[in-house]
Amino acid sequence: MTTEENNQRSMRELIDKLSADARELVRAEVSLARAELEEKARRLAAGGALVAAAAVLGLVALGALTATAIIALSNVVSTWLAALIVTVVAGVLAGILLVIGIKLLRRGVPPAPTESVDQMKEDVSWVKARARSGAT
């Protein structure tokens, strides 16, 4: 075998190794993204369950508070007027909370795997830099 053939074979082996390493890197990045998404999904599920339980208990408390407010206010005005006043106040508060909640949801954290995406961008930049330096 000549030196030229050895160089060609070495170059082929290097290209094959680079290709295999790139495939392995992509697999690892995809695996990392999947793990990150699974972790976020678990946190969202747990948080959602707790929020739902709190909402149910909050509705029970709100019902009791509403009855208490109507009974207390009926000592000053007639019962029907007390119920109407409490209903209007509760409706206004619900509207305010709805507007605030919608604004917060729009600013929410995107569910994308941001860390993995950033890492992949770094990897692509590194590979491009290596390709440029090897090409010159």
# chains A, B, ... in the order shown; residues from 1 in each chain; ligands from 1
call {"tool": "residues_around", "arguments": {"residues": "segment 76-89 of chain A", "least_positions_apart": "5", "cutoff": "12 Å", "atoms": "only C-alpha atoms", "output": "MDAnalysis selection string"}}
result
chainID A and resid 62:63 65:71 94:96
call {"tool": "residues_around", "arguments": {"residues": "segment 31-37 of chain A", "least_positions_apart": "3", "cutoff": "7 Å", "atoms": "only C-alpha atoms", "output": "VMD selection string"}}
result
chain A and resid 27 to 28 40 to 41 113 116
call {"tool": "write_last_selection", "arguments": {"atoms": "C-alpha atoms", "output": "CSV table (one decimal), in the first residue's frame"}}
result
chain,number,residue,atom,x,y,z
A,27,ARG,CA,-29.5,11.1,19.1
A,28,ALA,CA,-28.2,12.4,22.4
A,40,LYS,CA,-41.9,19.9,32.2
A,41,ALA,CA,-45.0,17.8,31.5
A,113,PRO,CA,-37.3,22.6,25.4
A,116,SER,CA,-31.9,21.5,24.4
call {"tool": "residues_around", "arguments": {"residues": "segment 14-22 of chain A", "least_positions_apart": "5", "cutoff": "10 Å", "atoms": "only C-alpha atoms", "output": "JSON list (two decimals) with C-alpha atoms, in the first residue's frame"}}
result
[["chain", "number", "residue", "atom", "x", "y", "z"],
["A", 8, "GLN", "CA", -7.27, 8.07, 1.39],
["A", 9, "ARG", "CA", -8.22, 5.29, 3.78],
["A", 27, "ARG", "CA", -29.53, 11.14, 19.08],
["A", 28, "ALA", "CA", -28.21, 12.43, 22.39],
["A", 123, "ASP", "CA", -23.38, 22.08, 18.54],
["A", 124, "VAL", "CA", -24.26, 23.19, 15.01],
["A", 127, "VAL", "CA", -19.51, 21.68, 13.77]]
call {"tool": "atom_distance", "arguments": {"atom1": "atom CA of Ala131 of chain A", "atom2": "atom CA of Glu13 of chain A"}}
result
16.2 Å
call {"tool": "atom_distance", "arguments": {"atom1": "atom CA of Leu73 of chain A", "atom2": "atom CA of Gly58 of chain A"}}
result
21.9 Å
call {"tool": "atom_distance", "arguments": {"atom1": "atom CA of Val30 of chain A", "atom2": "atom CA of Gly47 of chain A"}}
result
25.7 Å
